[in-house]
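Let me begin by presenting the structure, written as C-alpha cells, before commenting on it.
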Amino acid sequence: MSSPLTVALLGGGTVGASVAQLISESADDLTARIGRELKLTGIAVRDASKPRPGVDSKLLTEDAAGLAASGADIVIEVIGGIEPAKTLIESAIANGSSIVTANKALLAAHGAHLHKLAEEAGVDLYYEAAVAGAIPLLRPLRESLAGDKVTKILGIVNGTTNFILSKMYNDGADYSVVLKEAQDLGYAEADPTADVEGFDSAAKAAILAGLAFHTNVTSDDVYREGMTKVTADDIAAAKSLGYVIKLLAIAELTDDDKGVIVRVHPAMIPVTHPLASVRDAFNAVFVEADAAGQVMFYGRGAGGAPTASSVVGDVVAAARHRITGSVGPAQSIYADLEVRPIGEAKTSYYLNLKVSDESGVLAAISNEFAKHDVSIQAVRQDGEGDAASLIIRTHEAPESRLRATVEALENMTAVREVLGVMRVEGAGA
Ligand code: NAP
Ligand code: HSE
C-alpha cells in the first residue's frame, strides 16, 4: 500500500484528545474506509507536560506553528478562539494542507476569508463539528439539500442553555440555582457568558445561515439576546399555556426572497413542536425547505467523543479527496442576500400585563394593538381587582410593530406593569 496520509492535530483538550483516541482506536477501519493509512504526526498543546490519558505523549509538542506549517496532508484545528487558530490555519493552507476545524467562533468571523484561501490553494476546509457537535448537519445542508430551497432554520444549538432551561422547566427553579448545578456537573463553564448570553448560538446561527442561504453571514450580522433574563415565573406562565421556553437560533428568508434575518433569543414554542421535546444538553435543528418540507436533525451537540465523531468524519472526507486529487464543494455565496434587521422579522408575542380591573381597560388595550396594526389572537384574564392580569397572544406581525405596541402599553395608565413579554415561534409546525 502507498505511504500513509499525514495528520497534524492542533489542540489536545476535550475534543483534541478524543480525536487522537478515535483515530488511534479505529486505525484499521479508517485505513480500509479511506484506502490509505492515516498517520498522526503530532499534537500541539500549550503545556506538553500535562497528563493526557489515552494520548501518546511522544506526539505532544508545544510548537504549534511548526506543526501547522509541516505540510501534513490534513491539519486538524481544535484549539478554539480566533488567535492563534486563524494564523495557524492560514499557515497550514499556505503549506498545502487540507483543514478540518471545530472552531465556530473563527468560522463565523472569518469564514469567507478562510474559504477563499482554501479555494485558491486547492485544499479542503471542513467544519462539521463547529455546529451541533456530533449531529451531521452542515454536510446535509451543503450537499443533500443543495437541490432544494431552504426557507427557515429553527434550532437549539447550545447544550448548556438547553440543559439550564430544561431544568428550570422541570424543577421550577430560578436561573441562578440551575446555572450553579450546570457548572457543578461540568456543562457550563466557570465563565458561562458565551453560552448564556447567546454568543455561541449566534456563531452557529451565522454558519447555518451562510450554508442554507448561500450568503456570507457573520456573527455580527446576528441579532442576539441571551437567556439570563428568563425567570421561573416566565417558565411557569409558558407551561400553563402549553408552551416551553427554548433559546432558539433562527435563520429565515424574508418574504421577498431577497434578504435573510438571523436571530438568537429565548422564545416560547408549543409543547407539541418537535423541538419542545429536545431536553437536557441535546441539540436539534429543524429545517424547512420548499420541496423537502420539514426535516429535523437531533443529537449530542457537545462533548469530546461526540464532537470527535464529526471531526474524524471530516478527516475521512478530506483524506479521500487527497487520494483522488480532488476537493469537496467550495463555499457557495452566490445569492449574496441582504442581511435584514430583526425589526423586519415576523413573529408573534406573548404578553402578560398587570392591569386595572375596570370597564374599558380591555378596549383601550386592544385599541393600542389595533393602532399598531397588530392583531390579537387570544386574551385571558387571570385574577381580579388588584391581582388582575391579562395574558395576550398576538398573531404574527413584524417585530418593529410588536415592539412599538409594547412601548405604548408601558405608557398606559391602565397597564400597571408589563410582567412578561416573549416571542412565540413554531406555532405552525
Ligand atoms: P479545550 O479543552 O480548551 O482544548 C484546547 C486545546 O488547545 C488544549 O489542548 C490547549 O492546550 C490547546 N491550546 C490552547 N492554546 C494553544 C496555543 N496557543 N498553542 C497550542 N495549543 C493551544 O477546548 P475544546 O473543548 O477541546 O474545544 C476545542 C474547539 O472545539 C473549540 O473551537 C470549540 O468551540 C470546539 N468545540 C468544542 C466542543 C466541546 O464539546 N468541547 C464541541 C463542539 C466544538 P493545553 O491542553 O496544554 O491547555
Ligand atoms: N458550549 C457549547 C454548548 C458546546 O453548550 O453547546 C460547544 O459548541
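For the C-alpha cells, the naming scheme is as follows: chains receive sequential letters (A, B, ...) according to their order of presentation, residues are indexed from 1 within each chain, and ligands are indexed from 1 in presentation order.
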Would you list, as number ranges by chain, the residues of range 169-399 of chain A that end up in strand (DSSP E or B) under DSSP run on this structure's backbone?
-> A: 223-224, 243-253, 259-270, 282-289, 293-300, 338-339, 346-355, 376-382, 389-394, 397-398
Pull the helix (DSSP H, G or I) assignments for range 346-401 of chain A out of DSSP run on the backbone, and list those residues as a ChimeraX atom specification.
-> /A:361-371,385-387,399-401
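One finds CA of Gly328 in chain A at 20.8 Å from CA of Lys149 in chain A.
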Quick one: residues within 10 Å of Pro274 in chain A, only C-alpha atoms counted, chain neighbours fewer than 6 positions away excluded, as a VMD selection string?
-> chain A and resid 284 to 286 296 426 429
May I have the residues within 12 Å of range 353-359 of chain A as a ChimeraX atom specification, using only C-alpha atoms and disregarding those fewer than 3 positions away in the same chain?
-> /A:350,362-365,379-393,406,409-410,412-421
How about saving the chosen residues, C-alpha atoms kept, as a PDB file, in the first residue's frame?
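Final output, out.pdb:
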ATOM      1  CA  TYR A 350     -46.998  36.588  24.313  1.00  0.00           C
ATOM      2  CA  LEU A 362     -59.576  45.795  27.690  1.00  0.00           C
ATOM      3  CA  ALA A 363     -60.989  48.037  24.946  1.00  0.00           C
ATOM      4  CA  ALA A 364     -58.249  50.641  25.489  1.00  0.00           C
ATOM      5  CA  ILE A 365     -55.545  47.970  25.397  1.00  0.00           C
ATOM      6  CA  VAL A 379     -56.814  37.094  25.540  1.00  0.00           C
ATOM      7  CA  ARG A 380     -57.262  35.615  29.007  1.00  0.00           C
ATOM      8  CA  GLN A 381     -57.817  37.442  32.290  1.00  0.00           C
ATOM      9  CA  ASP A 382     -56.273  35.888  35.375  1.00  0.00           C
ATOM     10  CA  GLY A 383     -57.267  37.094  38.856  1.00  0.00           C
ATOM     11  CA  GLU A 384     -59.338  40.197  39.577  1.00  0.00           C
ATOM     12  CA  GLY A 385     -59.158  43.545  41.357  1.00  0.00           C
ATOM     13  CA  ASP A 386     -55.568  44.400  42.277  1.00  0.00           C
ATOM     14  CA  ALA A 387     -54.394  40.962  41.179  1.00  0.00           C
ATOM     15  CA  ALA A 388     -55.807  41.209  37.637  1.00  0.00           C
ATOM     16  CA  SER A 389     -53.537  40.341  34.759  1.00  0.00           C
ATOM     17  CA  LEU A 390     -54.166  39.924  31.058  1.00  0.00           C
ATOM     18  CA  ILE A 391     -52.397  37.214  29.085  1.00  0.00           C
ATOM     19  CA  ILE A 392     -52.389  38.226  25.423  1.00  0.00           C
ATOM     20  CA  ARG A 393     -51.135  36.245  22.424  1.00  0.00           C
ATOM     21  CA  VAL A 406     -45.260  47.073  23.947  1.00  0.00           C
ATOM     22  CA  LEU A 409     -48.669  49.695  26.554  1.00  0.00           C
ATOM     23  CA  GLU A 410     -45.910  50.528  29.031  1.00  0.00           C
ATOM     24  CA  MET A 412     -50.747  53.478  29.502  1.00  0.00           C
ATOM     25  CA  THR A 413     -52.093  54.261  32.981  1.00  0.00           C
ATOM     26  CA  ALA A 414     -54.413  51.218  32.799  1.00  0.00           C
ATOM     27  CA  VAL A 415     -51.352  48.976  32.425  1.00  0.00           C
ATOM     28  CA  ARG A 416     -49.751  48.903  35.869  1.00  0.00           C
ATOM     29  CA  GLU A 417     -46.838  46.730  34.794  1.00  0.00           C
ATOM     30  CA  VAL A 418     -45.701  44.658  31.845  1.00  0.00           C
ATOM     31  CA  LEU A 419     -44.930  41.420  33.692  1.00  0.00           C
ATOM     32  CA  GLY A 420     -43.659  39.412  30.747  1.00  0.00           C
ATOM     33  CA  VAL A 421     -43.049  39.644  27.002  1.00  0.00           C
TER      34      VAL A 421
END
Would you give me, as JSON lines, each residue of chain A having an atom within 7 Å of an atom of ligand 1, along with its shortest atom pair and that distance in Å to one decimal, using only C-alpha atoms and all ligand atoms and sorting by chain and residue number?
{"residue": "A:Leu10", "atom": "CA", "partner": "ligand 1", "partner_atom_place_in_ligand_line": "21 (N)", "distance": 6.2}
{"residue": "A:Gly11", "atom": "CA", "partner": "ligand 1", "partner_atom_place_in_ligand_line": "7 (O)", "distance": 3.6}
{"residue": "A:Gly12", "atom": "CA", "partner": "ligand 1", "partner_atom_place_in_ligand_line": "9 (O)", "distance": 3.5}
{"residue": "A:Gly13", "atom": "CA", "partner": "ligand 1", "partner_atom_place_in_ligand_line": "4 (O)", "distance": 3.3}
{"residue": "A:Thr14", "atom": "CA", "partner": "ligand 1", "partner_atom_place_in_ligand_line": "26 (O)", "distance": 3.7}
{"residue": "A:Val15", "atom": "CA", "partner": "ligand 1", "partner_atom_place_in_ligand_line": "26 (O)", "distance": 3.7}
{"residue": "A:Gly16", "atom": "CA", "partner": "ligand 1", "partner_atom_place_in_ligand_line": "26 (O)", "distance": 5.5}
{"residue": "A:Ala44", "atom": "CA", "partner": "ligand 1", "partner_atom_place_in_ligand_line": "20 (C)", "distance": 5.1}
{"residue": "A:Val45", "atom": "CA", "partner": "ligand 1", "partner_atom_place_in_ligand_line": "21 (N)", "distance": 3.5}
{"residue": "A:Arg46", "atom": "CA", "partner": "ligand 1", "partner_atom_place_in_ligand_line": "47 (O)", "distance": 3.6}
{"residue": "A:Asp47", "atom": "CA", "partner": "ligand 1", "partner_atom_place_in_ligand_line": "47 (O)", "distance": 3.8}
{"residue": "A:Ala48", "atom": "CA", "partner": "ligand 1", "partner_atom_place_in_ligand_line": "47 (O)", "distance": 6.0}
{"residue": "A:Lys50", "atom": "CA", "partner": "ligand 1", "partner_atom_place_in_ligand_line": "47 (O)", "distance": 6.6}
{"residue": "A:Glu62", "atom": "CA", "partner": "ligand 1", "partner_atom_place_in_ligand_line": "20 (C)", "distance": 6.1}
{"residue": "A:Ala64", "atom": "CA", "partner": "ligand 1", "partner_atom_place_in_ligand_line": "20 (C)", "distance": 5.1}
{"residue": "A:Val78", "atom": "CA", "partner": "ligand 1", "partner_atom_place_in_ligand_line": "29 (C)", "distance": 4.2}
{"residue": "A:Ile79", "atom": "CA", "partner": "ligand 1", "partner_atom_place_in_ligand_line": "7 (O)", "distance": 3.6}
{"residue": "A:Gly80", "atom": "CA", "partner": "ligand 1", "partner_atom_place_in_ligand_line": "32 (O)", "distance": 3.1}
{"residue": "A:Gly81", "atom": "CA", "partner": "ligand 1", "partner_atom_place_in_ligand_line": "32 (O)", "distance": 5.9}
{"residue": "A:Pro84", "atom": "CA", "partner": "ligand 1", "partner_atom_place_in_ligand_line": "18 (N)", "distance": 5.8}
{"residue": "A:Ala102", "atom": "CA", "partner": "ligand 1", "partner_atom_place_in_ligand_line": "30 (O)", "distance": 4.5}
{"residue": "A:Asn103", "atom": "CA", "partner": "ligand 1", "partner_atom_place_in_ligand_line": "32 (O)", "distance": 3.4}
{"residue": "A:Lys104", "atom": "CA", "partner": "ligand 1", "partner_atom_place_in_ligand_line": "34 (O)", "distance": 5.8}
{"residue": "A:Ala105", "atom": "CA", "partner": "ligand 1", "partner_atom_place_in_ligand_line": "34 (O)", "distance": 6.8}
{"residue": "A:Ala129", "atom": "CA", "partner": "ligand 1", "partner_atom_place_in_ligand_line": "43 (C)", "distance": 5.5}
{"residue": "A:Ala130", "atom": "CA", "partner": "ligand 1", "partner_atom_place_in_ligand_line": "44 (C)", "distance": 5.0}
{"residue": "A:Val131", "atom": "CA", "partner": "ligand 1", "partner_atom_place_in_ligand_line": "43 (C)", "distance": 6.7}
{"residue": "A:Ala132", "atom": "CA", "partner": "ligand 1", "partner_atom_place_in_ligand_line": "43 (C)", "distance": 6.7}
{"residue": "A:Gly133", "atom": "CA", "partner": "ligand 1", "partner_atom_place_in_ligand_line": "43 (C)", "distance": 4.6}
{"residue": "A:Gly301", "atom": "CA", "partner": "ligand 1", "partner_atom_place_in_ligand_line": "42 (C)", "distance": 6.4}
{"residue": "A:Ala302", "atom": "CA", "partner": "ligand 1", "partner_atom_place_in_ligand_line": "40 (O)", "distance": 3.5}
{"residue": "A:Gly303", "atom": "CA", "partner": "ligand 1", "partner_atom_place_in_ligand_line": "40 (O)", "distance": 3.6}
{"residue": "A:Gly304", "atom": "CA", "partner": "ligand 1", "partner_atom_place_in_ligand_line": "40 (O)", "distance": 5.5}
{"residue": "A:Thr307", "atom": "CA", "partner": "ligand 1", "partner_atom_place_in_ligand_line": "42 (C)", "distance": 5.3}
Surrounding residues of range 308-321 of chain A excluding itself and chain neighbours under 6 positions, 10 Å, only C-alpha atoms, as a ChimeraX atom specification | /A:5-7,14-23,30-31,33-38,73-78,97-102,123-137,139,302,327-328
Of the listed residues A:Gln331, A:Gln377, A:Ser366, A:Gln183, that which approaches ligand 2 most closely, counting only C-alpha atoms and all ligand atoms = A:Gln183
A:Ser166, A:Ser201, A:Ser3, A:Ser70: which is nearest Lys39 in chain A, counting only C-alpha atoms?
->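 Ranked by minimum distance to Lys39 in chain A, first place goes to A:Ser3.
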Near-Leu165 in chain A list (10 Å; only C-alpha atoms; drop same-chain fewer than 2 positions) as a PyMOL selection string | chain A and resi 159-163+167-175+178-179+227+230-232+235+244-247+266+279-281
Each residue of range 205-272 of chain A with at least one atom at most 10 Å from range 110-116 of chain A should appear once, together with its nearest atom pair and the corresponding distance in Å (one decimal); atoms considered: only C-alpha atoms; ordering: chain, then increasing residue number; output as JSON lines.
{"residue": "A:Ala206", "atom": "CA", "partner": "A:Gly111", "partner_atom": "CA", "distance": 9.9}
{"residue": "A:Ile207", "atom": "CA", "partner": "A:Gly111", "partner_atom": "CA", "distance": 8.3}
{"residue": "A:Gly210", "atom": "CA", "partner": "A:Gly111", "partner_atom": "CA", "distance": 9.5}
{"residue": "A:Thr215", "atom": "CA", "partner": "A:Ala112", "partner_atom": "CA", "distance": 9.8}
{"residue": "A:Asn216", "atom": "CA", "partner": "A:Ala112", "partner_atom": "CA", "distance": 6.8}
{"residue": "A:Val217", "atom": "CA", "partner": "A:Gly111", "partner_atom": "CA", "distance": 8.9}
{"residue": "A:Thr218", "atom": "CA", "partner": "A:His110", "partner_atom": "CA", "distance": 7.8}
{"residue": "A:Ser219", "atom": "CA", "partner": "A:His110", "partner_atom": "CA", "distance": 9.6}
Write out the residues from the selection above, keeping N, CA, C and O atoms, as a PDB file, in the first residue's frame.
ATOM      1  N   ALA A 206     -24.889  31.948  12.413  1.00  0.00           N
ATOM      2  CA  ALA A 206     -24.263  32.596  11.248  1.00  0.00           C
ATOM      3  C   ALA A 206     -23.771  31.535  10.259  1.00  0.00           C
ATOM      4  O   ALA A 206     -23.974  31.654   9.043  1.00  0.00           O
ATOM      5  N   ILE A 207     -23.148  30.479  10.790  1.00  0.00           N
ATOM      6  CA  ILE A 207     -22.632  29.415   9.910  1.00  0.00           C
ATOM      7  C   ILE A 207     -23.791  28.712   9.193  1.00  0.00           C
ATOM      8  O   ILE A 207     -23.753  28.485   7.980  1.00  0.00           O
ATOM      9  N   GLY A 210     -25.314  30.970   6.492  1.00  0.00           N
ATOM     10  CA  GLY A 210     -24.438  31.077   5.316  1.00  0.00           C
ATOM     11  C   GLY A 210     -24.623  29.882   4.391  1.00  0.00           C
ATOM     12  O   GLY A 210     -24.750  30.033   3.163  1.00  0.00           O
ATOM     13  N   THR A 215     -25.030  32.730   1.285  1.00  0.00           N
ATOM     14  CA  THR A 215     -24.755  34.141   1.546  1.00  0.00           C
ATOM     15  C   THR A 215     -23.732  34.225   2.661  1.00  0.00           C
ATOM     16  O   THR A 215     -23.761  33.400   3.582  1.00  0.00           O
ATOM     17  N   ASN A 216     -22.841  35.194   2.605  1.00  0.00           N
ATOM     18  CA  ASN A 216     -21.872  35.326   3.689  1.00  0.00           C
ATOM     19  C   ASN A 216     -22.543  35.998   4.901  1.00  0.00           C
ATOM     20  O   ASN A 216     -22.996  37.130   4.812  1.00  0.00           O
ATOM     21  N   VAL A 217     -22.625  35.279   6.007  1.00  0.00           N
ATOM     22  CA  VAL A 217     -23.231  35.820   7.241  1.00  0.00           C
ATOM     23  C   VAL A 217     -22.201  35.673   8.354  1.00  0.00           C
ATOM     24  O   VAL A 217     -21.610  34.600   8.525  1.00  0.00           O
ATOM     25  N   THR A 218     -21.966  36.733   9.102  1.00  0.00           N
ATOM     26  CA  THR A 218     -21.013  36.663  10.218  1.00  0.00           C
ATOM     27  C   THR A 218     -21.770  36.808  11.541  1.00  0.00           C
ATOM     28  O   THR A 218     -22.935  37.220  11.567  1.00  0.00           O
ATOM     29  N   SER A 219     -21.059  36.536  12.642  1.00  0.00           N
ATOM     30  CA  SER A 219     -21.674  36.673  13.979  1.00  0.00           C
ATOM     31  C   SER A 219     -22.244  38.071  14.191  1.00  0.00           C
ATOM     32  O   SER A 219     -23.284  38.228  14.837  1.00  0.00           O
TER      33      SER A 219
END
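Here CA of Ala397 in chain A and CA of Ala236 in chain A stand 25.1 Å from one another.
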Considering only C-alpha atoms, return as a list of chain:residue names whatever protein or nucleic-acid residues lie within 9 Å of His214 in chain A, sequence-local ones (same chain, fewer than 3 positions apart) excluded.
->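 Skipping anything fewer than 3 positions along the chain leaves A:Ala209, A:Gly210, A:Leu211, A:Gln331, A:Ser332, A:Ile333, A:Tyr334, A:Ala335, A:Asp336, A:Leu337.
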Next, the residues of the selection above should be written as a PDB file, in the first residue's frame with all heavy atoms.
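Writing the result to result.pdb gives the following:
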ATOM      1  N   ALA A 209     -26.807  29.887   8.577  1.00  0.00           N
ATOM      2  CA  ALA A 209     -27.458  30.796   7.620  1.00  0.00           C
ATOM      3  C   ALA A 209     -26.629  30.894   6.340  1.00  0.00           C
ATOM      4  O   ALA A 209     -27.172  30.896   5.227  1.00  0.00           O
ATOM      5  CB  ALA A 209     -27.635  32.175   8.248  1.00  0.00           C
ATOM      6  N   GLY A 210     -25.314  30.970   6.492  1.00  0.00           N
ATOM      7  CA  GLY A 210     -24.438  31.077   5.316  1.00  0.00           C
ATOM      8  C   GLY A 210     -24.623  29.882   4.391  1.00  0.00           C
ATOM      9  O   GLY A 210     -24.750  30.033   3.163  1.00  0.00           O
ATOM     10  N   LEU A 211     -24.651  28.681   4.980  1.00  0.00           N
ATOM     11  CA  LEU A 211     -24.780  27.469   4.165  1.00  0.00           C
ATOM     12  C   LEU A 211     -26.181  27.347   3.565  1.00  0.00           C
ATOM     13  O   LEU A 211     -26.339  26.978   2.414  1.00  0.00           O
ATOM     14  CB  LEU A 211     -24.508  26.231   5.029  1.00  0.00           C
ATOM     15  CG  LEU A 211     -23.039  25.962   5.358  1.00  0.00           C
ATOM     16  CD1 LEU A 211     -22.933  24.873   6.412  1.00  0.00           C
ATOM     17  CD2 LEU A 211     -22.279  25.562   4.104  1.00  0.00           C
ATOM     18  N   GLN A 331     -17.203  27.037  -0.838  1.00  0.00           N
ATOM     19  CA  GLN A 331     -18.271  27.830  -0.220  1.00  0.00           C
ATOM     20  C   GLN A 331     -19.162  28.413  -1.316  1.00  0.00           C
ATOM     21  O   GLN A 331     -18.661  28.903  -2.334  1.00  0.00           O
ATOM     22  CB  GLN A 331     -17.667  28.960   0.613  1.00  0.00           C
ATOM     23  CG  GLN A 331     -18.702  29.705   1.434  1.00  0.00           C
ATOM     24  CD  GLN A 331     -18.151  30.982   2.058  1.00  0.00           C
ATOM     25  OE1 GLN A 331     -17.246  31.603   1.528  1.00  0.00           O
ATOM     26  NE2 GLN A 331     -18.704  31.368   3.175  1.00  0.00           N
ATOM     27  N   SER A 332     -20.463  28.356  -1.101  1.00  0.00           N
ATOM     28  CA  SER A 332     -21.399  28.869  -2.097  1.00  0.00           C
ATOM     29  C   SER A 332     -22.078  30.116  -1.532  1.00  0.00           C
ATOM     30  O   SER A 332     -22.932  30.016  -0.661  1.00  0.00           O
ATOM     31  CB  SER A 332     -22.428  27.769  -2.394  1.00  0.00           C
ATOM     32  OG  SER A 332     -23.563  28.312  -2.993  1.00  0.00           O
ATOM     33  N   ILE A 333     -21.645  31.290  -2.044  1.00  0.00           N
ATOM     34  CA  ILE A 333     -22.266  32.532  -1.539  1.00  0.00           C
ATOM     35  C   ILE A 333     -22.800  33.375  -2.706  1.00  0.00           C
ATOM     36  O   ILE A 333     -22.891  34.592  -2.629  1.00  0.00           O
ATOM     37  CB  ILE A 333     -21.281  33.359  -0.665  1.00  0.00           C
ATOM     38  CG1 ILE A 333     -19.944  33.579  -1.361  1.00  0.00           C
ATOM     39  CG2 ILE A 333     -21.073  32.723   0.683  1.00  0.00           C
ATOM     40  CD1 ILE A 333     -19.057  34.592  -0.654  1.00  0.00           C
ATOM     41  N   TYR A 334     -23.192  32.639  -3.783  1.00  0.00           N
ATOM     42  CA  TYR A 334     -23.626  33.326  -4.998  1.00  0.00           C
ATOM     43  C   TYR A 334     -24.864  34.198  -4.769  1.00  0.00           C
ATOM     44  O   TYR A 334     -25.068  35.215  -5.430  1.00  0.00           O
ATOM     45  CB  TYR A 334     -23.914  32.300  -6.109  1.00  0.00           C
ATOM     46  CG  TYR A 334     -25.187  31.530  -5.866  1.00  0.00           C
ATOM     47  CD1 TYR A 334     -26.411  31.985  -6.364  1.00  0.00           C
ATOM     48  CD2 TYR A 334     -25.186  30.369  -5.091  1.00  0.00           C
ATOM     49  CE1 TYR A 334     -27.585  31.300  -6.098  1.00  0.00           C
ATOM     50  CE2 TYR A 334     -26.360  29.687  -4.828  1.00  0.00           C
ATOM     51  CZ  TYR A 334     -27.551  30.155  -5.331  1.00  0.00           C
ATOM     52  OH  TYR A 334     -28.716  29.490  -5.047  1.00  0.00           O
ATOM     53  N   ALA A 335     -25.738  33.804  -3.811  1.00  0.00           N
ATOM     54  CA  ALA A 335     -27.022  34.503  -3.650  1.00  0.00           C
ATOM     55  C   ALA A 335     -26.815  35.909  -3.102  1.00  0.00           C
ATOM     56  O   ALA A 335     -27.559  36.828  -3.434  1.00  0.00           O
ATOM     57  CB  ALA A 335     -27.943  33.721  -2.738  1.00  0.00           C
ATOM     58  N   ASP A 336     -25.795  36.067  -2.257  1.00  0.00           N
ATOM     59  CA  ASP A 336     -25.410  37.381  -1.741  1.00  0.00           C
ATOM     60  C   ASP A 336     -26.626  38.185  -1.242  1.00  0.00           C
ATOM     61  O   ASP A 336     -26.816  39.342  -1.597  1.00  0.00           O
ATOM     62  CB  ASP A 336     -24.672  38.153  -2.851  1.00  0.00           C
ATOM     63  CG  ASP A 336     -23.866  39.311  -2.277  1.00  0.00           C
ATOM     64  OD1 ASP A 336     -23.586  39.285  -1.067  1.00  0.00           O
ATOM     65  OD2 ASP A 336     -23.549  40.245  -3.041  1.00  0.00           O
ATOM     66  N   LEU A 337     -27.457  37.521  -0.424  1.00  0.00           N
ATOM     67  CA  LEU A 337     -28.677  38.179   0.074  1.00  0.00           C
ATOM     68  C   LEU A 337     -28.322  39.245   1.105  1.00  0.00           C
ATOM     69  O   LEU A 337     -27.297  39.156   1.788  1.00  0.00           O
ATOM     70  CB  LEU A 337     -29.608  37.139   0.698  1.00  0.00           C
ATOM     71  CG  LEU A 337     -30.066  36.010  -0.228  1.00  0.00           C
ATOM     72  CD1 LEU A 337     -30.892  34.989   0.539  1.00  0.00           C
ATOM     73  CD2 LEU A 337     -30.865  36.567  -1.390  1.00  0.00           C
TER      74      LEU A 337
END
Of the residues A:Ser144, A:Asn158, A:Ser24, A:Ser176, which is the one nearest to ligand 2, using only C-alpha atoms and all ligand atoms?
->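 Among the listed residues, the smallest separation from ligand 2 belongs to A:Asn158.
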Check the smallest atom-to-atom distance from each of A:Ala237, A:Ile164, A:Ala427, A:Ala289 to ligand 2 using only C-alpha atoms and all ligand atoms, then report the winner.
-> A:Ile164
Which residue, A:Thr193, A:Asn95, A:Thr272, A:Thr228, has the smallest gap to ligand 2 when you use only C-alpha atoms and all ligand atoms?
->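 For ligand 2, the nearest of the given residues is A:Thr193.
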May I ask which of the residues A:Asp148, A:Asp191, A:Glu83, A:Glu143 is the closest one to ligand 2, counting only C-alpha atoms and all ligand atoms?
-> A:Asp191
